[in-house]
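Reviewing the structure listed below.
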Amino acid sequence: MEDIPVDKLTKEEARAELARLSGVMRRAEDAYYQQDAPVMDDAAYDALKARNLAIEARFPALVRADSPSRRVGAAPASGFGKIRHAVPMLSLGNAFSDEDVVEFDARVRKFLSLEGPVHYTAEPKIDGLSLSIRYESGALVYAATRGDGEVGEDVTANARHVRGIPHRIEHAPEILEVRGEVYMEHAAFEALNARQQAAGEKPFSNPRNAAAGSLRQLDAEITATRPLAFFAYAWGALSAPLADTQKGAIERLADMGFATNPLTVLCESPKALLAQYREIERQRATLGYDIDGVVYKVNDLALQARLGMRSTTPRWAIAHKFPAETAWTRLEAIDIQVGRTGALSPVARLHPVTVGGVVVRNATLHNEDYIKGVDSKGAPIREGRDIREGDWVEVYRAGDVIPKIRDVDLSKRENPHLYAFPTRCPVCGSAAVREPGEAVARCTGAFSCAAQRLEKLKHFVSRQAFDIDGLGAKQMQAFVEWGWVADPADIFTLRARHGDALARREGWGATSARNLFAAIEARRTIPLNRLIFALGIRHVGESSAMLLARTYQSWAAFQAAMIAAQPREGAAWEELNGIDGVGEVMAASVVEFFHTASTRQMVDNLVAQLTIEDVRPPDTGGSKVAGKTVVFTGTLSRVTRAEAKAQAEGLGAKVSGSVSGKTDILVAGEKAGSKLKKAESLGVQVLSEDEWLALIAQTR
DNA sequence: GTGCCTCGAGTTCA
DNA sequence: CTCGAGGCAC
């Protein structure tokens with residue numbers, strides 16, 4: 001069967017072949033990663049991988065829960081396997097005030113163009129860690145942590161020991177991914193800490209850390225002794241809808257045997273949401289578990305679907321957070337850090353203080369204005385009070401994560417001197433320049449500044465860039481200190497120059513050195529978008545790098561165009577600046593990068609070491625409107641303007657506001673006016689709303 | 001010119 | 001996670 005070409009396989013053969021590949025590849029991965037004794041060379045493994053992917057592309061319904069394509073990379077010997085979520089796990093937008101909640105409701109109704117009230121559910125936001133659990137034919141197949149939202153850790157064995165998670169469910173859809181929060185009750189947390197202390201182990205600082213630590217035990221038997229609980233509140237992939245409403249879906253999950261939060265209620269107005277918020281706040285101390293706010297969701301699932309997503313958060317839900325816990329402490333000093341773009345960032349060194357169960361020693365001070373007590377527009381923050389070394393300051397953790405300074409106690413101030421923001425880089429001594437209208441001061445030392453150089457190199461090997469296993473910030477710093485790496489190309493000649501010496505260094509051995517060099521070799525071939533991102537061109541992040549890669553498709557074409565481009569004139573500039581999503585600032589930055597001798601040299605040296613993979617433009621699923629420029633006019637009756645736009649863009653169309661020679665399609669609703677006339681005079685194709693909806697339903 | 005929305009860049013601790 | 005800035009629609 002392994003010899004049958006993919007396009008000749010029957011469905012049954014494909015099913016069997018996927019099962020075989022999964023097993024063979026799993027054994028190869030184990031041998032390679034766990035036992036460090038490969039049974040297959042890379043080319044053979046890649047061939048299997050390609051075959052597996054091709055079969056899955058032809059028979060998407062047959063993709064196995066344990067498919068090799070879902071095993072991202074492979075499990076390190078001491079860690080967890082990775083699982084790619086079939087549907088990404090989202091984060092929620094935040095509301096901090098009553099006003100934010102009223103605005104949320106207004107946004108929802110405006111997007112849907114509804115005058116009447118929208119109904120919402122309100123439920124406590126549990127302070128634990130989110131988990132996605134997949135069931136197939138009613139059986140628990142795997143459980144994964146949120147991770148970065150796309151890829152999480154496989155904690156299946158541990159999840160089976162969590163209260164509120166059934167191992168088997170009845171009357172469930174064929175495929176069901178249940179999402180919810182794993183947490184630890186206060187009583188269980190106290191008892192666990194007492195046991196920890198009796199055993200001479202370190203106690204956990206709070207229930208959330210205890211829950212996270214317990215769920216991430218490598219030995220599931222240890223997890224079994226930790227009293228973890230679970231509330232289901234959402235779902236991912238589904239083979240059939242659970243209900244018509246959020247509330248109904250939650251009740252359905254409860255019927256299947258999942259624990260759901262008893263404080264989940266329906267609210268018919270923002271006013272009712274706020275009342276429920278107060279009610280939950282009132283009960284907070286007696287709930288027996290930690291919560292950090294209240295989550296509101298549009299109840300009608302059809303409306304949720306219409307509202308859809310923004311880039312990382314749904315439009316149909318928001319988390320109303322309780323005020324963050326704060327603590328007062330002494331600001332011992334203000335230090336300056338230098339980032340990869342040269343940005344000078346002030347950091348507050350604090351007398352250690354516990355905030356929300358975590359000891360905080362540092363807090364970001366953002367920039368010069370933040371210390372002065374004003375925002376970017378000069379409006380006062382902290383009522384204009386500035387921050388000085390030696391001050392007593394109030395610390396909180398923004399989003400329960402990033403320590404920040406909320407306020408300063410002037411009555412305890414002893415330091416008579418305003419903080420003087422440096423005018424020179426503290427690392428290299430170059431002038432630090434703050435451009436008019438900008439918030440940050442930057443070191444002008446570029447590559448000759450040791451701090452900038454190191455940060456640029458760290459960026460180069462970061463996860464979204466070259467992502468070299470075993471070469472993180474720490475290792476990079478060491479290589480730079482030893483004088484082994486000064487620019488990116490050096491990474492790829494490291495083995496030849498210092499391979500033997502590395503194996504003798506402290507903390508390194510023959511095996512770890514070999515693994516590192518293997519990882520470096522694996523990245524010698526790199527997709528164009530990753531390379532562009534890795535270069536660290538100002539204003540070009542991950543997504544702009546992808547945009548550029550998709551436009552130029554090959555390194556040769558990209559480089560030639562950038563070298564040919566002159567700032568603000570000529571065809572090459574127009575093409576670059578004309579990319580949707582690229583403006584003057586980014587375009588100028590990229591052109592300057594390629595016209596600077598030192599960076600050009602750095603790039604040439606690097607590229608000589610690499611094989612750069614072309615990038616194909618995105619697949620728009622064969623839609624008829626892909627690549628077309630569309631304009632909507634008049635009153636649409638079946639969808640709102642915003643929905644129509646989101647829909648069209650999802651299919652690869654560009655939506656514009658005005659009719660011009662570039663317009664391909666005008667969609668005219670009721671009472672279309674001047675745009676319709678203009679379109680007719682230009683000979684642009686005009687469609688009614690129904691014709692448009694019929695068109696986008698077709699695929700090529 | 002104003003007001004979204006998205007992206008880039010910088011940050012903390014376990 | 002958050003702020004500031006860039007890009008674009010209105």
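Chain labels follow the order of the structure tokens: the first chain is A, the next B, and so on; residue numbering restarts at 1 in every chain, and ligands are counted from 1 in their shown order.
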
Strand (DSSP E or B) call set, DSSP backbone run, stretch 516-657 of chain A, as number ranges by chain = A: 525-527, 566, 569, 611-613, 623, 629-633, 635, 654-656

Skip B:DT11 itself and residues of its chain fewer than 6 positions away, then list as a list in words all residues within 10 Å of it, counting only C-alpha atoms (C1' of nucleotides).
-> Ser345, Val347, Asn362, Ala363, Thr364, Leu365, His366, Val401, Ile402, Pro403 and Lys404 of chain A; DC1 and DT2 of chain C

Long-range neighbours of A:Ile291 as an MDAnalysis selection string, 6 Å cut-off, only C-alpha atoms (C1' of nucleotides), 4 positions minimum in chain = chainID A and resid 125:127

Enumerate, as an MDAnalysis selection string, the complete set of residues in stretch 215-296 of chain A that a backbone-based DSSP assignment places in helix (DSSP H, G or I).
-> chainID A and resid 215 220:224 246:256 270:286

Within 12 Å of B:DG3, counting only C-alpha atoms (C1' of nucleotides), which residues show up once you throw out same-chain ones fewer than 3 positions away? Write them as a ChimeraX atom specification, please.
-> /C:8-10

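In chain B, the set of residues within 8 Å of chain A (atoms considered: only C-alpha atoms (C1' of nucleotides)) is DT6, DC7, DG8, DG10, DT11, DT12 and DC13 of chain B.
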
Counting only C-alpha atoms (C1' of nucleotides), chain A residues within 8 Å of chain C, as a list in words = Ser376, Ala398, Gly399, Val401, Ile402, Ala439, Gly581, Val582, Gly583, Val585 and Gly657 of chain A

Quick one, how far is atom CA of A:Gly634 from atom CA of A:Ala679?
->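 Between atom CA of A:Gly634 and atom CA of A:Ala679 the gap is 13.0 Å.
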
Atom-to-atom span, atom CA of A:Tyr396 and atom CA of A:Arg208, Å |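 Computing it gives 17.6 Å between the two atoms.
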
Which residues come within 10 Å of A:Met476, counting only C-alpha atoms (C1' of nucleotides), excluding same-chain residues fewer than 4 positions away, as an MDAnalysis selection string?
-> chainID A and resid 454:455 457:458 461 470:472 480:482 484:486 491

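Using only C-alpha atoms, the shortest contact distance between A:Leu273 and any of A:Arg413, A:Arg530, A:Arg252, A:His320 is found at A:His320.
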
Between atom CA of A:Val591 and atom CA of A:Trp573, what is the distance, to one decimal in Å?
->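 Those two atoms sit 8.5 Å apart.
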
Do you know which residues are at most 12 Å from A:Leu131 counting only C-alpha atoms (C1' of nucleotides), after dropping those on the same chain fewer than 4 positions away, and could you put them as a CSV table (one decimal) with N, CA and C atoms, in the first residue's frame?
```csv
chain,number,residue,atom,x,y,z
A,83,ILE,N,0.4,19.6,20.8
A,83,ILE,CA,-0.8,19.4,20.0
A,83,ILE,C,-1.3,20.7,19.4
A,85,HIS,N,-4.1,22.9,18.1
A,85,HIS,CA,-5.6,22.9,18.3
A,85,HIS,C,-6.3,23.0,16.9
A,88,PRO,N,-8.2,27.4,16.9
A,88,PRO,CA,-7.3,28.1,17.9
A,88,PRO,C,-8.1,28.4,19.2
A,89,MET,N,-7.3,28.4,20.3
A,89,MET,CA,-7.9,28.9,21.6
A,89,MET,C,-7.7,30.4,21.7
A,90,LEU,N,-8.8,31.1,21.8
A,90,LEU,CA,-8.8,32.5,21.8
A,90,LEU,C,-8.4,33.2,23.1
A,142,TYR,N,-7.7,13.4,23.6
A,142,TYR,CA,-6.6,14.1,24.2
A,142,TYR,C,-7.0,15.3,24.9
A,143,ALA,N,-6.1,15.9,25.7
A,143,ALA,CA,-6.4,17.1,26.4
A,143,ALA,C,-5.1,18.0,26.2
A,144,ALA,N,-5.3,19.2,25.9
A,144,ALA,CA,-4.1,20.1,25.6
A,144,ALA,C,-4.3,21.4,26.3
A,145,THR,N,-3.2,22.0,26.8
A,145,THR,CA,-3.2,23.3,27.4
A,145,THR,C,-3.3,24.3,26.3
A,146,ARG,N,-3.5,25.6,26.7
A,146,ARG,CA,-3.8,26.6,25.7
A,146,ARG,C,-2.5,26.9,24.9
A,147,GLY,N,-1.3,26.9,25.6
A,147,GLY,CA,-0.1,27.2,24.9
A,147,GLY,C,-0.2,28.6,24.4
A,149,GLY,N,-2.1,29.4,22.0
A,149,GLY,CA,-3.4,29.5,21.4
A,149,GLY,C,-3.5,28.7,20.1
A,151,VAL,N,-0.8,26.1,19.5
A,151,VAL,CA,-0.2,24.9,19.8
A,151,VAL,C,-0.1,24.8,21.3
A,152,GLY,N,-0.6,23.7,21.9
A,152,GLY,CA,-0.5,23.6,23.4
A,152,GLY,C,0.2,22.3,23.7
A,153,GLU,N,0.3,22.0,25.0
A,153,GLU,CA,1.0,20.8,25.5
A,153,GLU,C,0.0,19.7,25.8
A,154,ASP,N,0.4,18.5,25.4
A,154,ASP,CA,-0.4,17.3,25.6
A,154,ASP,C,-0.4,16.8,27.1
A,155,VAL,N,-1.5,17.1,27.8
A,155,VAL,CA,-1.6,16.7,29.2
A,155,VAL,C,-2.7,15.7,29.4
A,156,THR,N,-2.9,14.8,28.4
A,156,THR,CA,-4.0,13.9,28.4
A,156,THR,C,-4.1,13.0,29.6
A,158,ASN,N,-2.9,13.5,32.5
A,158,ASN,CA,-3.2,14.2,33.7
A,158,ASN,C,-4.6,14.6,33.8
A,159,ALA,N,-5.2,15.0,32.6
A,159,ALA,CA,-6.5,15.5,32.6
A,159,ALA,C,-7.5,14.5,33.1
A,162,VAL,N,-8.7,14.9,36.6
A,162,VAL,CA,-9.3,16.1,37.1
A,162,VAL,C,-10.8,15.9,37.3
A,165,ILE,N,-14.2,16.3,34.6
A,165,ILE,CA,-13.9,15.9,33.2
A,165,ILE,C,-14.2,14.5,33.0
A,177,GLU,N,-14.8,19.1,21.0
A,177,GLU,CA,-13.7,19.6,21.8
A,177,GLU,C,-14.3,20.6,22.8
A,178,VAL,N,-14.1,20.2,24.1
A,178,VAL,CA,-14.7,21.0,25.1
A,178,VAL,C,-13.6,21.8,25.7
A,179,ARG,N,-13.9,23.1,26.0
A,179,ARG,CA,-12.9,24.0,26.6
A,179,ARG,C,-13.4,24.5,27.9
A,180,GLY,N,-12.5,24.7,28.8
A,180,GLY,CA,-12.8,25.2,30.1
A,180,GLY,C,-11.6,25.5,30.9
A,181,GLU,N,-11.8,25.6,32.2
A,181,GLU,CA,-10.7,26.1,33.1
A,181,GLU,C,-10.4,25.0,34.1
A,182,VAL,N,-9.2,24.7,34.3
A,182,VAL,CA,-8.8,23.8,35.4
A,182,VAL,C,-8.3,24.7,36.6
A,183,TYR,N,-8.8,24.4,37.8
A,183,TYR,CA,-8.5,25.3,38.9
A,183,TYR,C,-8.4,24.4,40.2
A,211,ALA,N,-2.4,24.8,40.6
A,211,ALA,CA,-3.2,24.1,39.6
A,211,ALA,C,-2.3,23.8,38.4
A,212,ALA,N,-1.6,24.9,37.9
A,212,ALA,CA,-0.7,24.8,36.8
A,212,ALA,C,0.4,23.7,37.0
A,215,LEU,N,-1.1,20.2,37.0
A,215,LEU,CA,-1.6,19.6,35.7
A,215,LEU,C,-0.4,19.3,34.9
A,216,ARG,N,0.8,20.0,35.1
A,216,ARG,CA,1.9,19.8,34.3
A,216,ARG,C,2.9,18.8,34.9
A,229,ALA,N,-10.0,20.6,39.8
A,229,ALA,CA,-11.4,20.7,39.3
A,229,ALA,C,-11.5,21.4,38.0
A,230,PHE,N,-12.6,21.3,37.3
A,230,PHE,CA,-12.8,21.8,36.0
A,230,PHE,C,-14.1,22.4,35.8
A,231,PHE,N,-14.2,23.6,35.1
A,231,PHE,CA,-15.5,24.1,34.6
A,231,PHE,C,-15.5,24.2,33.1
A,232,ALA,N,-16.5,23.6,32.4
A,232,ALA,CA,-16.5,23.8,31.0
A,232,ALA,C,-17.3,25.1,30.6
A,233,TYR,N,-16.8,25.9,29.7
A,233,TYR,CA,-17.5,27.1,29.3
A,233,TYR,C,-17.5,27.4,27.8
A,234,ALA,N,-16.8,26.5,27.0
A,234,ALA,CA,-16.7,26.8,25.6
A,234,ALA,C,-16.4,25.6,24.9
A,235,TRP,N,-16.2,25.7,23.5
A,235,TRP,CA,-15.9,24.5,22.7
A,235,TRP,C,-15.1,24.9,21.5
A,236,GLY,N,-14.4,23.9,21.0
A,236,GLY,CA,-13.6,24.2,19.7
A,236,GLY,C,-14.3,23.4,18.6
```

Best match for closeness to A:Phe204 among A:Met309, A:Thr599, A:Ala587, A:Ala188, counting only C-alpha atoms =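 The closest residue to A:Phe204 is A:Ala188.
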